[in-house]
Amino acid sequence: MTDHAVIIAGGGPTGLMLAGELALAGVDVAIVERRASQDLVGSRAGGLHSRTIEVFDQRGIADRFLAAGQKAQVNGFAGVQFDTSGFPTRHPYSLGLRQKHIERILAGWVDELEVPIYRGIETTGFAQDAAGVDVELSDGRSLRAQYLVGCDGGRSLVRKAAGIAFPGSDPTTSNLIAEAELAETPPEWGIRRDALGIHALGRVEYEIRNGEIVYADHGPVGILVTEQHVGQTAEPTLGDLSAALITVYGTDYGVHSPTSISRFTDAARQAASYRKGRVLIAGDAAHIHPPDGGQGLQTGVQDAMNLGWKLAQVVKGISPESLLDTYHSERHPVGARVLRNTMAAVALRREDDRTKALRDTMAELLGMAEPRMKFAALLAGLDIHYDLGAGHPLLGRRMPDLDLSTASGPRRVYSLLHAARPVLLNLGEPGGLGIASWADRVQVVDAGYAGPWELPALGAVTAPTAVLIRPDGYVAWVGDRTRHGLADALTTWFGPPAVA
């Protein structure tokens with residue numbers, strides 16, 4: 001007998017998103033989180049990119065984040081800023097919003113879905129068998145689940161205990177990131193670059209005015225400083241922070257009263273497999289990389305979006321366990337690409353003459369419309385393409401959030417996905433796409449749409465007459481004037497047809 005169908009180790013953004021997805025599907029899920037509360041001390045991610053906002057829009061919660069954050073154009077690469085305001089999305093911008101607020105909003109949503117969270121407890125080990133997983137907890141208890149998902153960060157115990165390899169590159173730079181008080185006001189705020197690396201000083205509180213960050217004139221200071229040496233593993237101290245500031249700025253500005261000090265490096269590693277039997281991993285547990293481009297949180301949330309509905313269908317017996325293999329096959333290449341572009345960004349940080357020349361060359365290339373649009377779509381997460389075979393350009397890509405006309409009135413595509421159920425959108429003859437054998441799993445919507453079909457970085461595509469949209473918002477089948485391949489797609493993604 002199981003205590004929960006799924007146990008998630010870790011209650012950060014990835015774990016919370018996965019819990020919400022499973023709860024929407026009616027799966028008994030619980031989170032084990034070492035923090036006693038959702039409070040998050042210190043600096044982590046600083047915002048959301050377009051695709052992640054779309055993901056929240058697909059669940060009807062995007063407005064919660066938009067109300068708390070500030071819209072801005074902050075994507076960039078090689079020193080070139082990208083303006084995505086012309087992209088075909090309802091959210092052609094990034095959203096400035098600190099991770100503590102992102103987690104707070106996600107936790108509120110998960111609480112509404114009545115997901116239990118075991119707080120102040122860590123996962124210390126597990127043993128899996130053919131029927132489930134016994135999860136050991138730090139308070140001496142154990143829980144039984146059908147599946148365990150490790151969303152427990154870059155040092156993931158779940159990944160290590162499962163024996164999943166974590167190959168990649170060792171760090172070449174080390175940075176301290178902190179929030180503290182300064183006794184002296186620095187003569188300049190903002191970013192500084194030198195031969196050692198990138199550094200920054202800025203008030204923790206800020207607002208965005210006309211697309212520009214404007215810092216408060218008082219309060220604690222956010223500090224980013226590159227350390228002189230790589231390889232320290234002990235927890236960083238105020239003395240370490242002071243020494244690093246003196247090396248870079250010639251003074252530590254009387255730094256005192258830190259609320260947080262942490263260390264990150266440019267190490268880049270990715271799990272060899274995102275699944276081992278009944279144990280899966282997501283987010284930082286599956287991939288770590290430099291923070292350039294702010295892609296870590298985004299990738300983790302989208303890992304959860306990809307895995308959630310698949311795991312729910314397997315737990316409920318709708319789909320065979322082999323469906324879980326598509327989680328790795330789809331998300332591993334996405335993670336690998338994030339590692340590649342963040343490592344490239346780190347290489348371009350250097351201040352030697354050769355790197356400057358390369359950075360200038362990249363800036364020239366990104367000054368051209370096509371490469372600029374491709375990189376902007378990549379960093380925003382809008383160009384993700386799962387390999388579902390040859391066919392229409394929409395196949396395997398995010399479904400645009402079209403304004404539809406239906407018999408019940410105007411609807412947006414993403415509003416059809418709020419319940420995390422797949423949609424067969426029929427844009428042809430009403431009633432022409434009956435799928436009785438899957439009616440208990442897939443909602444059929446007859447609708448009209450007369451506007452353009454456009455994808456970020458790709459441009460205009462041929463209007464289809466029907467699309468099968470997965471719960472994560474990606475297109476699993478595109479119809480022309482026939483039903484060719486529809487039954488196969490339905491079976492692949494949403495289980496075999498019901499027996500009459």
# chains A, B, ... in the order shown; residues from 1 in each chain; ligands from 1
>>> select_by_dssp(residues="region 98-226 of chain A", states="strand (DSSP E or B)", output="CSV table (one decimal) with all heavy atoms, in the first residue's frame")
chain,number,residue,atom,x,y,z
A,117,ILE,N,2.7,19.1,2.0
A,117,ILE,CA,4.1,19.3,2.0
A,117,ILE,C,4.7,18.9,3.3
A,117,ILE,O,4.3,19.4,4.3
A,117,ILE,CB,4.4,20.8,1.6
A,117,ILE,CG1,3.9,21.2,0.3
A,117,ILE,CG2,6.0,21.0,1.6
A,117,ILE,CD1,4.1,22.6,-0.1
A,118,TYR,N,5.6,18.0,3.3
A,118,TYR,CA,6.3,17.6,4.5
A,118,TYR,C,7.5,18.6,4.7
A,118,TYR,O,8.5,18.4,4.1
A,118,TYR,CB,6.8,16.2,4.4
A,118,TYR,CG,5.7,15.1,4.3
A,118,TYR,CD1,5.2,14.8,3.1
A,118,TYR,CD2,5.2,14.5,5.4
A,118,TYR,CE1,4.2,13.8,2.9
A,118,TYR,CE2,4.3,13.5,5.3
A,118,TYR,CZ,3.7,13.2,4.1
A,118,TYR,OH,2.8,12.2,3.9
A,119,ARG,N,7.3,19.6,5.6
A,119,ARG,CA,8.3,20.6,5.7
A,119,ARG,C,9.3,20.3,6.8
A,119,ARG,O,9.0,19.6,7.8
A,119,ARG,CB,7.7,22.0,5.9
A,119,ARG,CG,6.9,22.5,4.7
A,119,ARG,CD,6.6,24.0,4.8
A,119,ARG,NE,5.9,24.5,3.6
A,119,ARG,CZ,6.5,24.8,2.5
A,119,ARG,NH1,7.9,24.7,2.4
A,119,ARG,NH2,5.8,25.3,1.5
A,123,THR,N,14.9,14.2,2.3
A,123,THR,CA,14.9,12.8,1.8
A,123,THR,C,16.4,12.3,2.0
A,123,THR,O,17.3,13.0,1.5
A,123,THR,CB,14.6,12.7,0.3
A,123,THR,OG1,13.3,13.3,0.1
A,123,THR,CG2,14.7,11.3,-0.2
A,124,THR,N,16.5,11.2,2.7
A,124,THR,CA,17.9,10.7,3.0
A,124,THR,C,18.3,9.5,2.3
A,124,THR,O,19.4,9.1,2.3
A,124,THR,CB,18.0,10.5,4.5
A,124,THR,OG1,17.0,9.5,4.9
A,124,THR,CG2,17.8,11.8,5.3
A,125,GLY,N,17.3,8.9,1.6
A,125,GLY,CA,17.6,7.7,0.9
A,125,GLY,C,16.3,7.0,0.3
A,125,GLY,O,15.2,7.5,0.6
A,126,PHE,N,16.5,6.0,-0.4
A,126,PHE,CA,15.3,5.3,-0.9
A,126,PHE,C,15.7,3.9,-1.5
A,126,PHE,O,16.9,3.6,-1.7
A,126,PHE,CB,14.6,6.1,-2.1
A,126,PHE,CG,15.5,6.3,-3.3
A,126,PHE,CD1,15.6,5.3,-4.3
A,126,PHE,CD2,16.2,7.4,-3.5
A,126,PHE,CE1,16.4,5.5,-5.4
A,126,PHE,CE2,17.0,7.6,-4.6
A,126,PHE,CZ,17.1,6.6,-5.5
A,127,ALA,N,14.7,3.0,-1.6
A,127,ALA,CA,14.9,1.7,-2.2
A,127,ALA,C,13.7,1.5,-3.1
A,127,ALA,O,12.6,1.6,-2.7
A,127,ALA,CB,15.0,0.7,-1.1
A,128,GLN,N,14.0,1.2,-4.4
A,128,GLN,CA,12.9,0.9,-5.3
A,128,GLN,C,12.8,-0.6,-5.6
A,128,GLN,O,13.8,-1.3,-5.6
A,128,GLN,CB,13.1,1.8,-6.5
A,128,GLN,CG,14.3,1.5,-7.4
A,128,GLN,CD,14.2,2.3,-8.7
A,128,GLN,OE1,13.1,2.2,-9.4
A,128,GLN,NE2,15.2,3.0,-9.1
A,133,VAL,N,8.6,2.7,-4.6
A,133,VAL,CA,9.8,3.2,-4.0
A,133,VAL,C,9.5,3.5,-2.5
A,133,VAL,O,8.5,4.1,-2.1
A,133,VAL,CB,10.2,4.5,-4.6
A,133,VAL,CG1,11.6,5.0,-4.1
A,133,VAL,CG2,10.2,4.4,-6.2
A,134,ASP,N,10.4,3.0,-1.6
A,134,ASP,CA,10.4,3.3,-0.2
A,134,ASP,C,11.3,4.5,0.0
A,134,ASP,O,12.5,4.4,-0.2
A,134,ASP,CB,10.8,2.2,0.6
A,134,ASP,CG,9.7,1.0,0.6
A,134,ASP,OD1,8.6,1.3,0.9
A,134,ASP,OD2,10.1,-0.1,0.2
A,135,VAL,N,10.8,5.6,0.5
A,135,VAL,CA,11.6,6.9,0.6
A,135,VAL,C,11.9,7.1,2.1
A,135,VAL,O,10.9,7.2,2.9
A,135,VAL,CB,10.8,8.1,0.0
A,135,VAL,CG1,11.6,9.3,0.1
A,135,VAL,CG2,10.4,7.8,-1.4
A,136,GLU,N,13.1,7.2,2.4
A,136,GLU,CA,13.6,7.4,3.8
A,136,GLU,C,13.6,8.9,4.1
A,136,GLU,O,14.2,9.7,3.3
A,136,GLU,CB,14.9,6.8,4.1
A,136,GLU,CG,14.9,5.2,3.8
A,136,GLU,CD,16.3,4.7,3.8
A,136,GLU,OE1,17.3,5.5,4.1
A,136,GLU,OE2,16.5,3.5,3.4
A,137,LEU,N,13.1,9.3,5.3
A,137,LEU,CA,13.1,10.7,5.6
A,137,LEU,C,14.0,11.0,6.8
A,137,LEU,O,14.3,10.1,7.6
A,137,LEU,CB,11.7,11.2,6.0
A,137,LEU,CG,10.6,10.9,4.9
A,137,LEU,CD1,9.3,11.4,5.4
A,137,LEU,CD2,11.0,11.6,3.6
A,142,SER,N,9.5,6.7,6.9
A,142,SER,CA,9.6,6.3,5.5
A,142,SER,C,8.2,6.4,4.9
A,142,SER,O,7.2,6.2,5.5
A,142,SER,CB,10.2,5.0,5.3
A,142,SER,OG,9.3,4.0,5.7
A,143,LEU,N,8.2,6.8,3.6
A,143,LEU,CA,7.0,6.9,2.8
A,143,LEU,C,7.1,5.9,1.6
A,143,LEU,O,8.2,5.8,1.1
A,143,LEU,CB,6.8,8.3,2.4
A,143,LEU,CG,6.5,9.4,3.4
A,143,LEU,CD1,6.5,10.8,2.8
A,143,LEU,CD2,5.2,9.1,4.2
A,144,ARG,N,6.0,5.4,1.3
A,144,ARG,CA,5.9,4.5,0.1
A,144,ARG,C,5.2,5.2,-1.0
A,144,ARG,O,4.2,5.9,-0.8
A,144,ARG,CB,5.1,3.2,0.4
A,144,ARG,CG,4.9,2.3,-0.7
A,144,ARG,CD,6.2,1.5,-1.0
A,144,ARG,NE,5.9,0.4,-1.9
A,144,ARG,CZ,6.8,-0.4,-2.5
A,144,ARG,NH1,8.1,-0.1,-2.3
A,144,ARG,NH2,6.5,-1.3,-3.4
A,145,ALA,N,5.8,5.2,-2.3
A,145,ALA,CA,5.2,5.8,-3.4
A,145,ALA,C,5.4,4.9,-4.6
A,145,ALA,O,6.2,4.0,-4.7
A,145,ALA,CB,5.8,7.2,-3.7
A,146,GLN,N,4.6,5.2,-5.7
A,146,GLN,CA,4.8,4.5,-6.9
A,146,GLN,C,6.0,5.0,-7.6
A,146,GLN,O,6.8,4.3,-8.3
A,146,GLN,CB,3.6,4.6,-7.8
A,146,GLN,CG,2.3,3.9,-7.3
A,146,GLN,CD,1.1,4.1,-8.2
A,146,GLN,OE1,1.2,3.9,-9.4
A,146,GLN,NE2,0.0,4.5,-7.7
A,147,TYR,N,6.2,6.4,-7.5
A,147,TYR,CA,7.3,7.0,-8.2
A,147,TYR,C,7.9,8.1,-7.3
A,147,TYR,O,7.2,8.7,-6.5
A,147,TYR,CB,6.9,7.7,-9.5
A,147,TYR,CG,6.6,6.7,-10.6
A,147,TYR,CD1,5.3,6.2,-10.7
A,147,TYR,CD2,7.6,6.2,-11.4
A,147,TYR,CE1,5.0,5.2,-11.7
A,147,TYR,CE2,7.3,5.2,-12.4
A,147,TYR,CZ,6.0,4.8,-12.5
A,147,TYR,OH,5.7,3.8,-13.5
A,148,LEU,N,9.2,8.3,-7.4
A,148,LEU,CA,9.9,9.4,-6.7
A,148,LEU,C,10.6,10.3,-7.7
A,148,LEU,O,11.2,9.8,-8.7
A,148,LEU,CB,11.0,8.8,-5.8
A,148,LEU,CG,12.0,9.8,-5.2
A,148,LEU,CD1,11.4,10.7,-4.2
A,148,LEU,CD2,13.2,9.0,-4.5
A,149,VAL,N,10.4,11.6,-7.5
A,149,VAL,CA,11.0,12.5,-8.5
A,149,VAL,C,11.9,13.5,-7.7
A,149,VAL,O,11.5,14.1,-6.7
A,149,VAL,CB,10.0,13.4,-9.2
A,149,VAL,CG1,10.6,14.3,-10.3
A,149,VAL,CG2,8.9,12.5,-9.9
A,150,GLY,N,13.2,13.5,-8.1
A,150,GLY,CA,14.2,14.3,-7.4
A,150,GLY,C,14.2,15.7,-8.0
A,150,GLY,O,14.6,15.9,-9.2
A,168,GLY,N,30.2,16.3,-17.1
A,168,GLY,CA,30.3,17.7,-17.5
A,168,GLY,C,31.6,18.3,-17.3
A,168,GLY,O,32.6,17.6,-17.2
A,169,SER,N,31.6,19.6,-17.2
A,169,SER,CA,32.9,20.3,-17.1
A,169,SER,C,33.1,20.9,-15.7
A,169,SER,O,32.1,21.3,-15.0
A,169,SER,CB,32.9,21.5,-18.1
A,169,SER,OG,31.9,22.4,-17.9
A,174,SER,N,34.7,31.3,-10.2
A,174,SER,CA,33.9,31.1,-9.0
A,174,SER,C,33.4,32.5,-8.5
A,174,SER,O,34.2,33.5,-8.6
A,174,SER,CB,34.7,30.5,-7.8
A,174,SER,OG,34.0,30.4,-6.6
A,175,ASN,N,32.2,32.6,-8.2
A,175,ASN,CA,31.6,33.9,-7.8
A,175,ASN,C,30.9,33.8,-6.5
A,175,ASN,O,30.3,32.7,-6.1
A,175,ASN,CB,30.5,34.3,-8.9
A,175,ASN,CG,31.1,34.6,-10.2
A,175,ASN,OD1,31.4,33.6,-11.0
A,175,ASN,ND2,31.3,35.8,-10.6
A,176,LEU,N,30.9,34.9,-5.8
A,176,LEU,CA,30.1,35.0,-4.6
A,176,LEU,C,28.9,35.9,-4.9
A,176,LEU,O,29.1,36.9,-5.6
A,176,LEU,CB,30.9,35.7,-3.4
A,176,LEU,CG,32.1,34.8,-2.9
A,176,LEU,CD1,32.9,35.6,-1.8
A,176,LEU,CD2,31.7,33.5,-2.4
A,177,ILE,N,27.8,35.5,-4.4
A,177,ILE,CA,26.6,36.4,-4.5
A,177,ILE,C,26.0,36.6,-3.1
A,177,ILE,O,25.9,35.6,-2.3
A,177,ILE,CB,25.6,35.7,-5.5
A,177,ILE,CG1,24.4,36.7,-5.8
A,177,ILE,CG2,25.1,34.4,-5.0
A,177,ILE,CD1,23.6,36.3,-6.9
A,178,ALA,N,25.7,37.8,-2.8
A,178,ALA,CA,25.3,38.1,-1.4
A,178,ALA,C,24.4,39.2,-1.3
A,178,ALA,O,24.2,40.0,-2.2
A,178,ALA,CB,26.6,38.4,-0.6
A,179,GLU,N,23.7,39.3,-0.2
A,179,GLU,CA,22.9,40.5,0.2
A,179,GLU,C,23.4,40.9,1.6
A,179,GLU,O,23.5,40.2,2.5
A,179,GLU,CB,21.4,40.2,0.3
A,179,GLU,CG,20.8,39.9,-1.1
A,179,GLU,CD,19.3,39.6,-1.1
A,179,GLU,OE1,18.7,39.8,0.0
A,179,GLU,OE2,18.8,39.3,-2.1
A,180,ALA,N,23.8,42.2,1.7
A,180,ALA,CA,24.4,42.7,2.9
A,180,ALA,C,24.3,44.2,2.9
A,180,ALA,O,23.8,44.9,2.0
A,180,ALA,CB,25.9,42.3,2.9
A,181,GLU,N,24.7,44.8,4.0
A,181,GLU,CA,24.7,46.3,4.2
A,181,GLU,C,26.1,46.8,3.9
A,181,GLU,O,27.1,46.1,4.2
A,181,GLU,CB,24.3,46.6,5.6
A,181,GLU,CG,22.9,46.2,6.1
A,181,GLU,CD,21.8,47.1,5.5
A,181,GLU,OE1,22.2,48.1,4.9
A,181,GLU,OE2,20.7,46.7,5.6
A,190,GLY,N,26.1,49.1,-10.4
A,190,GLY,CA,25.9,48.4,-11.7
A,190,GLY,C,27.1,47.4,-11.9
A,190,GLY,O,27.7,47.0,-11.0
A,191,ILE,N,27.3,47.1,-13.2
A,191,ILE,CA,28.2,46.0,-13.6
A,191,ILE,C,29.6,46.5,-13.9
A,191,ILE,O,29.7,47.6,-14.5
A,191,ILE,CB,27.6,45.3,-14.8
A,191,ILE,CG1,26.3,44.6,-14.5
A,191,ILE,CG2,28.6,44.2,-15.3
A,191,ILE,CD1,25.6,44.0,-15.7
A,192,ARG,N,30.6,45.8,-13.4
A,192,ARG,CA,32.0,46.1,-13.8
A,192,ARG,C,32.6,44.8,-14.4
A,192,ARG,O,32.4,43.7,-13.9
A,192,ARG,CB,32.7,46.5,-12.5
A,192,ARG,CG,34.2,46.6,-12.8
A,192,ARG,CD,35.0,46.9,-11.6
A,192,ARG,NE,34.8,48.3,-11.1
A,192,ARG,CZ,35.6,48.9,-10.2
A,192,ARG,NH1,36.7,48.2,-9.7
A,192,ARG,NH2,35.4,50.1,-9.8
A,193,ARG,N,33.3,45.0,-15.4
A,193,ARG,CA,34.0,43.9,-16.1
A,193,ARG,C,35.5,44.1,-16.0
A,193,ARG,O,36.0,45.3,-16.2
A,193,ARG,CB,33.6,43.7,-17.5
A,193,ARG,CG,32.1,43.5,-17.8
A,193,ARG,CD,31.9,43.6,-19.3
A,193,ARG,NE,32.4,42.5,-20.0
A,193,ARG,CZ,31.7,41.5,-20.5
A,193,ARG,NH1,30.4,41.5,-20.5
A,193,ARG,NH2,32.3,40.5,-21.2
A,198,ILE,N,33.2,39.2,-14.0
A,198,ILE,CA,32.1,40.2,-14.0
A,198,ILE,C,31.7,40.4,-12.5
A,198,ILE,O,31.6,39.4,-11.7
A,198,ILE,CB,30.9,39.7,-14.8
A,198,ILE,CG1,31.2,39.7,-16.3
A,198,ILE,CG2,29.7,40.6,-14.6
A,198,ILE,CD1,30.1,39.3,-17.2
A,199,HIS,N,31.4,41.6,-12.1
A,199,HIS,CA,31.1,42.0,-10.8
A,199,HIS,C,29.9,43.0,-10.8
A,199,HIS,O,29.7,43.7,-11.8
A,199,HIS,CB,32.2,42.6,-10.0
A,199,HIS,CG,33.6,42.1,-10.4
A,199,HIS,ND1,34.1,40.8,-10.0
A,199,HIS,CD2,34.5,42.6,-11.3
A,199,HIS,CE1,35.2,40.6,-10.6
A,199,HIS,NE2,35.5,41.7,-11.4
A,200,ALA,N,29.2,43.1,-9.8
A,200,ALA,CA,28.0,44.0,-9.8
A,200,ALA,C,27.6,44.4,-8.4
A,200,ALA,O,27.7,43.6,-7.4
A,200,ALA,CB,26.8,43.4,-10.5
A,201,LEU,N,27.2,45.6,-8.2
A,201,LEU,CA,26.7,46.1,-7.0
A,201,LEU,C,25.4,46.9,-7.3
A,201,LEU,O,25.3,47.7,-8.2
A,201,LEU,CB,27.7,47.1,-6.3
A,201,LEU,CG,29.1,46.6,-5.9
A,201,LEU,CD1,29.9,47.8,-5.5
A,201,LEU,CD2,28.9,45.6,-4.8
A,202,GLY,N,24.4,46.6,-6.5
A,202,GLY,CA,23.1,47.3,-6.7
A,202,GLY,C,22.2,47.0,-5.5
A,202,GLY,O,22.2,46.0,-4.9
A,203,ARG,N,21.4,48.0,-5.2
A,203,ARG,CA,20.4,47.8,-4.1
A,203,ARG,C,19.5,46.7,-4.4
A,203,ARG,O,19.1,46.4,-5.6
A,203,ARG,CB,19.5,49.1,-4.0
A,203,ARG,CG,20.3,50.4,-3.6
A,203,ARG,CD,20.8,50.4,-2.2
A,203,ARG,NE,21.4,51.7,-1.9
A,203,ARG,CZ,22.1,51.9,-0.8
A,203,ARG,NH1,22.2,50.9,0.1
A,203,ARG,NH2,22.6,53.1,-0.6
A,206,TYR,N,14.5,47.4,-6.4
A,206,TYR,CA,14.6,48.2,-7.6
A,206,TYR,C,13.2,48.2,-8.3
A,206,TYR,O,12.3,47.5,-7.9
A,206,TYR,CB,15.6,47.5,-8.5
A,206,TYR,CG,15.1,46.2,-9.1
A,206,TYR,CD1,14.4,46.1,-10.3
A,206,TYR,CD2,15.4,45.0,-8.4
A,206,TYR,CE1,14.0,44.9,-10.8
A,206,TYR,CE2,14.9,43.8,-8.9
A,206,TYR,CZ,14.2,43.8,-10.1
A,206,TYR,OH,13.8,42.6,-10.6
A,207,GLU,N,13.1,49.1,-9.3
A,207,GLU,CA,11.9,49.0,-10.2
A,207,GLU,C,12.4,49.3,-11.6
A,207,GLU,O,13.5,49.7,-11.8
A,207,GLU,CB,10.9,50.1,-9.7
A,207,GLU,CG,11.4,51.5,-9.8
A,207,GLU,CD,10.3,52.5,-9.3
A,207,GLU,OE1,10.2,52.7,-8.1
A,207,GLU,OE2,9.6,53.0,-10.2
A,208,ILE,N,11.5,49.0,-12.5
A,208,ILE,CA,11.9,49.1,-13.9
A,208,ILE,C,11.1,50.3,-14.5
A,208,ILE,O,9.8,50.2,-14.4
A,208,ILE,CB,11.6,47.8,-14.7
A,208,ILE,CG1,12.5,46.7,-14.2
A,208,ILE,CG2,11.9,48.0,-16.2
A,208,ILE,CD1,12.3,45.3,-14.7
A,209,ARG,N,11.7,51.3,-15.0
A,209,ARG,CA,11.1,52.4,-15.6
A,209,ARG,C,11.5,52.6,-17.0
A,209,ARG,O,12.7,52.7,-17.3
A,209,ARG,CB,11.5,53.7,-14.8
A,209,ARG,CG,11.1,53.7,-13.3
A,209,ARG,CD,11.6,55.0,-12.7
A,209,ARG,NE,11.5,54.9,-11.2
A,209,ARG,CZ,12.2,55.8,-10.4
A,209,ARG,NH1,12.9,56.7,-10.9
A,209,ARG,NH2,12.0,55.7,-9.1
A,212,GLU,N,14.3,50.4,-18.1
A,212,GLU,CA,15.5,50.5,-17.4
A,212,GLU,C,15.4,50.1,-15.9
A,212,GLU,O,14.4,50.5,-15.3
A,212,GLU,CB,16.1,51.9,-17.6
A,212,GLU,CG,16.4,52.3,-19.0
A,212,GLU,CD,17.5,51.5,-19.6
A,212,GLU,OE1,18.5,51.1,-18.9
A,212,GLU,OE2,17.5,51.3,-20.8
A,213,ILE,N,16.4,49.5,-15.4
A,213,ILE,CA,16.4,49.1,-13.9
A,213,ILE,C,16.8,50.4,-13.1
A,213,ILE,O,17.9,51.0,-13.4
A,213,ILE,CB,17.4,48.0,-13.6
A,213,ILE,CG1,16.9,46.7,-14.3
A,213,ILE,CG2,17.5,47.7,-12.1
A,213,ILE,CD1,17.8,45.5,-14.2
A,214,VAL,N,16.0,50.8,-12.2
A,214,VAL,CA,16.3,51.9,-11.3
A,214,VAL,C,16.3,51.4,-9.9
A,214,VAL,O,15.3,50.9,-9.4
A,214,VAL,CB,15.2,53.0,-11.5
A,214,VAL,CG1,15.6,54.2,-10.5
A,214,VAL,CG2,15.2,53.5,-12.9
A,215,TYR,N,17.5,51.5,-9.3
A,215,TYR,CA,17.7,50.9,-7.9
A,215,TYR,C,17.2,51.9,-6.9
A,215,TYR,O,17.2,53.1,-7.0
A,215,TYR,CB,19.1,50.6,-7.7
A,215,TYR,CG,19.6,49.4,-8.5
A,215,TYR,CD1,20.4,49.6,-9.7
A,215,TYR,CD2,19.3,48.1,-8.1
A,215,TYR,CE1,20.8,48.5,-10.4
A,215,TYR,CE2,19.7,47.0,-8.9
A,215,TYR,CZ,20.5,47.2,-10.0
A,215,TYR,OH,20.9,46.1,-10.8
A,221,VAL,N,22.2,45.8,-0.1
A,221,VAL,CA,22.8,45.8,-1.4
A,221,VAL,C,23.0,44.3,-1.9
A,221,VAL,O,23.4,43.4,-1.1
A,221,VAL,CB,24.2,46.5,-1.3
A,221,VAL,CG1,25.0,46.4,-2.6
A,221,VAL,CG2,24.0,47.9,-0.9
A,222,GLY,N,22.7,44.1,-3.1
A,222,GLY,CA,23.0,42.8,-3.8
A,222,GLY,C,24.4,42.9,-4.3
A,222,GLY,O,24.8,43.9,-5.0
A,223,ILE,N,25.2,41.9,-4.0
A,223,ILE,CA,26.6,41.9,-4.4
A,223,ILE,C,26.9,40.7,-5.3
A,223,ILE,O,26.6,39.5,-4.9
A,223,ILE,CB,27.5,41.9,-3.2
A,223,ILE,CG1,27.3,43.1,-2.3
A,223,ILE,CG2,29.0,41.8,-3.6
A,223,ILE,CD1,27.9,43.1,-0.9
A,224,LEU,N,27.6,40.9,-6.4
A,224,LEU,CA,28.1,39.8,-7.2
A,224,LEU,C,29.6,40.1,-7.4
A,224,LEU,O,29.9,41.2,-7.9
A,224,LEU,CB,27.4,39.7,-8.5
A,224,LEU,CG,28.1,38.8,-9.6
A,224,LEU,CD1,28.0,37.3,-9.1
A,224,LEU,CD2,27.4,38.9,-10.9
A,225,VAL,N,30.5,39.2,-7.0
A,225,VAL,CA,31.9,39.4,-7.2
A,225,VAL,C,32.6,38.1,-7.5
A,225,VAL,O,32.3,37.1,-7.0
A,225,VAL,CB,32.5,40.1,-5.9
A,225,VAL,CG1,32.3,39.1,-4.7
A,225,VAL,CG2,33.9,40.5,-6.1
A,226,THR,N,33.5,38.2,-8.5
A,226,THR,CA,34.3,37.0,-8.9
A,226,THR,C,35.4,36.8,-8.0
A,226,THR,O,36.1,37.8,-7.6
A,226,THR,CB,34.8,37.2,-10.3
A,226,THR,OG1,33.7,37.5,-11.2
A,226,THR,CG2,35.5,35.9,-10.8
>>> residues_around(residues="region 443-453 of chain A", least_positions_apart="4", cutoff="10 Å", atoms="only C-alpha atoms", output="JSON, numbers by chain")
{"A": [88, 394, 400, 402, 403, 404, 405, 406, 407, 408, 409, 410, 411, 413, 416, 417, 421, 422, 423, 424, 425, 426, 427, 428, 429, 430, 431, 432, 433, 434, 435, 436, 438, 439, 459, 460, 461, 462, 463, 464, 465, 466, 468, 469]}
>>> residues_around(residues="Ala68 (chain A)", least_positions_apart="3", cutoff="12 Å", atoms="only C-alpha atoms", output="short mmCIF file (atom, residue, chain, number, x, y, z; two decimals) with N, CA and C atoms, in the first residue's frame")
data_model
loop_
_atom_site.label_atom_id
_atom_site.label_comp_id
_atom_site.auth_asym_id
_atom_site.auth_seq_id
_atom_site.Cartn_x
_atom_site.Cartn_y
_atom_site.Cartn_z
N GLY A 47 13.79 36.43 -12.48
CA GLY A 47 12.66 36.72 -13.34
C GLY A 47 12.22 35.55 -14.19
N LEU A 48 11.31 35.83 -15.09
CA LEU A 48 10.71 34.83 -15.96
C LEU A 48 10.84 35.26 -17.41
N ILE A 61 -2.65 30.92 -14.33
CA ILE A 61 -2.07 31.59 -13.17
C ILE A 61 -1.06 32.68 -13.57
N ALA A 62 -0.92 32.97 -14.85
CA ALA A 62 0.08 33.96 -15.28
C ALA A 62 -0.19 35.33 -14.67
N ASP A 63 -1.45 35.70 -14.52
CA ASP A 63 -1.78 37.03 -13.99
C ASP A 63 -1.22 37.24 -12.58
N ARG A 64 -1.09 36.17 -11.82
CA ARG A 64 -0.55 36.28 -10.46
C ARG A 64 0.90 36.77 -10.50
N PHE A 65 1.65 36.25 -11.45
CA PHE A 65 3.05 36.65 -11.59
C PHE A 65 3.16 38.05 -12.20
N LYS A 71 7.59 44.17 -16.25
CA LYS A 71 7.96 43.76 -17.60
C LYS A 71 9.18 44.54 -18.08
N LEU A 95 9.97 39.11 -17.35
CA LEU A 95 9.30 39.67 -16.18
C LEU A 95 10.29 39.71 -15.02
N GLY A 96 10.61 40.91 -14.56
CA GLY A 96 11.47 41.03 -13.39
C GLY A 96 10.72 40.63 -12.13
N LEU A 97 11.15 39.55 -11.51
CA LEU A 97 10.47 39.03 -10.32
C LEU A 97 11.42 38.08 -9.61
N ARG A 98 11.77 38.39 -8.38
CA ARG A 98 12.73 37.56 -7.67
C ARG A 98 12.15 36.18 -7.33
N GLN A 99 13.05 35.22 -7.23
CA GLN A 99 12.62 33.83 -7.04
C GLN A 99 11.77 33.65 -5.78
N LYS A 100 12.06 34.42 -4.74
CA LYS A 100 11.26 34.25 -3.52
C LYS A 100 9.79 34.54 -3.79
N HIS A 101 9.51 35.47 -4.69
CA HIS A 101 8.12 35.77 -5.04
C HIS A 101 7.55 34.72 -5.99
N ILE A 102 8.39 34.24 -6.91
CA ILE A 102 7.95 33.17 -7.82
C ILE A 102 7.53 31.95 -7.01
N GLU A 103 8.37 31.57 -6.05
CA GLU A 103 8.06 30.41 -5.20
C GLU A 103 6.81 30.65 -4.36
N ARG A 104 6.70 31.85 -3.83
CA ARG A 104 5.52 32.17 -3.00
C ARG A 104 4.23 32.01 -3.81
N ILE A 105 4.22 32.48 -5.03
CA ILE A 105 3.02 32.40 -5.87
C ILE A 105 2.74 30.95 -6.25
N GLU A 207 13.09 49.07 -9.28
CA GLU A 207 11.92 49.04 -10.15
C GLU A 207 12.40 49.27 -11.57
#
